[in-house]
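Peer 1: Can you keep this structure in mind? I'll have questions shortly.
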Amino acid sequence: MLEAPLVNFLVVGVQKAGTTALYDYLSEEPGVSLSREKETHFFDDESLDWSRPDYARYHRGFEAGAPRLRGEATPIYSYWPNSLERIRAYNPAMRLILLLRDPVARAWSHWRMEFARGVERAPFGWCIREGRQRLFEAEPWGHHREFSYVERGFYGEQAERLYGLFSLTQVLILTSEDLRADPAAALARIRRFLDLPPGAPPRPREAHLGADIDFPSQLTAEDEAFLRGVYRRDQARLRDLTGISFTGP
């Protein structure tokens, strides 16, 4: 039996799309209680026994007894296999926010982050082509936490999974471009989605702007054209499902 109160909402994706900035904005909302750490990585934890998950462990990441709306932001959830299904089993009434960024710009930003961290040593052009084979040597098969530069950008597939598990009224999809250009309007949409009262316009901010180092690759026109081709069918699916599509960074 689940202990109350349940977590009510999640920012489920995507990585390198402004989820840290969004978490910071939401941390200032008086009606919201966020997890102590931005990313709890609970529903993508493959070490747990998912036939009998320890939700008490999950709840310990939140302020005890907080009467406010509770939420967290772990942007791998929309990509990682079975995460959304585990979320639904935990709370079928969960509300989910999916923040999207142009998939080519997202892949490039992701590679820069992993290279700056020392996780990646190969050039970007190889990673988005031959390097994708590395995912088929990983567990779960076909998925990788670090090297999934291309795969995390299949937003149409992710949106389809979301809508297959949750009702349209439980899902809000925004773009990082909208959040950056007009954070007040984006936050107003989120407040309405979460049934929060109107509030003051937020102070614009940026997060995780990237390390200032000498990267061995540039995002070339050839790389961008290649990725646009890879994403073409999925972008059509995303447009049909959500009305959102990306044609450039």
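Residues are named by chain letter and number: chains run A, B, ... in the order of the structure tokens, numbers start at 1 in each chain, and ligands are numbered from 1 in the order shown.
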Pick out each residue of segment 8-200 of chain A that DSSP on the backbone tags as helix (DSSP H, G or I); I need them as a VMD selection string.

Peer 2: chain A and resid 19 to 27 55 to 59 83 to 90 103 to 117 124 to 127 130 to 137 151 to 153 155 to 165 168 to 170 176 to 181 183 to 193

Peer 1: Quick one: which segment 8-90 of chain A residues come within 10 Å of segment 145-159 of chain A, and what is the nearest atom pair for each with the distance in Å to one decimal, counting only C-alpha atoms, rows ordered by chain and ascending number, as JSON lines?

Peer 2:
{"residue": "A:Gly13", "atom": "CA", "partner": "A:Arg152", "partner_atom": "CA", "distance": 9.3}
{"residue": "A:Val14", "atom": "CA", "partner": "A:Arg152", "partner_atom": "CA", "distance": 7.6}
{"residue": "A:Gln15", "atom": "CA", "partner": "A:Arg152", "partner_atom": "CA", "distance": 8.0}
{"residue": "A:Ile76", "atom": "CA", "partner": "A:Arg145", "partner_atom": "CA", "distance": 8.1}
{"residue": "A:Tyr77", "atom": "CA", "partner": "A:Gln158", "partner_atom": "CA", "distance": 9.7}
{"residue": "A:Ser78", "atom": "CA", "partner": "A:Gln158", "partner_atom": "CA", "distance": 6.0}
{"residue": "A:Tyr79", "atom": "CA", "partner": "A:Arg152", "partner_atom": "CA", "distance": 6.0}
{"residue": "A:Trp80", "atom": "CA", "partner": "A:Arg145", "partner_atom": "CA", "distance": 8.4}
{"residue": "A:Leu84", "atom": "CA", "partner": "A:Gln158", "partner_atom": "CA", "distance": 9.6}

Peer 1: Within 7 Å of Ala17 of chain A, counting only C-alpha atoms, which residues qualify if same-chain residues fewer than 6 places away don't, as a count of residues only?

Peer 2: 5

Peer 1: Report as a list of chain:residue names: the residues of segment 55-166 of chain A with a DSSP assignment of strand (DSSP E or B), based on the backbone of this structure.

Peer 2: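 The strand (DSSP E or B) residues within segment 55-166 of chain A come out as A:Leu69, A:Arg70, A:Gly71, A:Glu72, A:Ala73, A:Arg95, A:Leu96, A:Ile97, A:Leu98, A:Leu99, A:Leu100.
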
Peer 1: Take the residues from that selection and put them in a file with C-alpha atoms, as a PDB file, in the first residue's frame.

Peer 2:
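Contents of selection09.pdb, as written:
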ATOM      1  CA  LEU A  69       2.067  19.799  -4.754  1.00  0.00           C
ATOM      2  CA  ARG A  70       5.104  17.518  -4.957  1.00  0.00           C
ATOM      3  CA  GLY A  71       7.268  17.048  -8.013  1.00  0.00           C
ATOM      4  CA  GLU A  72      10.713  16.342  -9.414  1.00  0.00           C
ATOM      5  CA  ALA A  73      12.622  16.562 -12.699  1.00  0.00           C
ATOM      6  CA  ARG A  95       0.863  14.926 -14.448  1.00  0.00           C
ATOM      7  CA  LEU A  96       3.889  15.049 -16.723  1.00  0.00           C
ATOM      8  CA  ILE A  97       5.782  17.920 -18.321  1.00  0.00           C
ATOM      9  CA  LEU A  98       7.878  17.197 -21.415  1.00  0.00           C
ATOM     10  CA  LEU A  99      10.269  19.992 -22.365  1.00  0.00           C
ATOM     11  CA  LEU A 100      11.634  19.612 -25.910  1.00  0.00           C
TER      12      LEU A 100
END

Peer 1: I'd like the contact shell of segment 188-190 of chain A - 10 Å cut-off, only C-alpha atoms, skipping same-chain residues fewer than 6 positions apart - returned as a CSV table (one decimal) with C-alpha atoms, in the first residue's frame.

Peer 2:
chain,number,residue,atom,x,y,z
A,26,LEU,CA,9.3,25.8,-10.0
A,97,ILE,CA,5.8,17.9,-18.3
A,172,LEU,CA,2.0,19.2,-21.1
A,173,ILE,CA,4.6,19.6,-23.8
A,174,LEU,CA,6.6,22.8,-24.1
A,196,LEU,CA,-1.6,26.6,-9.3
A,197,PRO,CA,-2.7,30.2,-8.8
A,198,PRO,CA,-1.3,32.9,-11.0
A,199,GLY,CA,2.0,34.4,-9.8
A,200,ALA,CA,4.6,37.0,-10.5
A,201,PRO,CA,6.7,36.8,-13.6
A,202,PRO,CA,9.9,34.9,-13.0

Peer 1: Excluding same-chain residues fewer than 4 positions from Asp24 of chain A, what lies within 9 Å of it counting only C-alpha atoms, as a PyMOL selection string?

Peer 2: chain A and resi 19-20+28+38+205

Peer 1: Hey, can you spit out that residue selection with N, CA and C atoms as a tab-separated table (two decimals), in the first residue's frame?

Peer 2:
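The file below, part-v2.tsv, is the result:
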chain	number	residue	atom	x	y	z
A	19	THR	N	15.69	21.73	-18.48
A	19	THR	CA	14.95	21.21	-17.32
A	19	THR	C	15.51	21.73	-16.00
A	20	THR	N	16.80	22.05	-15.96
A	20	THR	CA	17.37	22.61	-14.73
A	20	THR	C	16.82	24.00	-14.47
A	28	GLU	N	10.60	28.18	-6.84
A	28	GLU	CA	10.15	29.46	-6.28
A	28	GLU	C	8.63	29.55	-6.18
A	38	LYS	N	17.41	17.67	-7.77
A	38	LYS	CA	16.59	17.82	-8.98
A	38	LYS	C	16.23	16.47	-9.59
A	205	ARG	N	16.52	33.09	-16.39
A	205	ARG	CA	17.80	32.48	-16.01
A	205	ARG	C	18.20	31.43	-17.03

Peer 1: If you count only C-alpha atoms, which residues fall within 12 Å of Thr220 of chain A, apart from same-chain ones fewer than 2 positions away, as a list of chain:residue names?

Peer 2: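 Neighbouring residues, sequence-local ones excluded: A:Val104, A:Ala105, A:Trp108, A:Pro123, A:Phe124, A:Gly125, A:Ser217, A:Gln218, A:Glu222, A:Asp223, A:Glu224, A:Ala225, A:Phe226, A:Leu227.
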
Peer 1: Tyr55 of chain A: which residues within 12 Å, counting only C-alpha atoms, same-chain residues fewer than 4 positions away excluded, as JSON, numbers by chain?

Peer 2: {"A": [1, 2, 3, 4, 5, 6, 7, 42, 43, 48, 49, 50, 51, 59, 60, 61, 62, 86, 87, 89, 90, 91]}

Peer 1: So how many Å separate atom CA of Pro30 of chain A and atom CA of Asp44 of chain A, to one decimal?

Peer 2: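 According to the coordinates, atom CA of Pro30 of chain A and atom CA of Asp44 of chain A are separated by 28.6 Å.
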
Peer 1: Restricting the calculation to only C-alpha atoms, which member of A:Arg203, A:Leu194, A:Gly164, A:Gln170 is positioned closest to Asp182 of chain A?

Peer 2: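 The answer is A:Arg203, which sits nearest to Asp182 of chain A.
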
Peer 1: Return the single residue from A:Pro92, A:Pro140, A:Gly229, A:Gly65 that is closest to Ser47 of chain A, with distances computed using only C-alpha atoms.

Peer 2: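 Comparing A:Pro92, A:Pro140, A:Gly229, A:Gly65 against Ser47 of chain A, the winner is A:Pro140.
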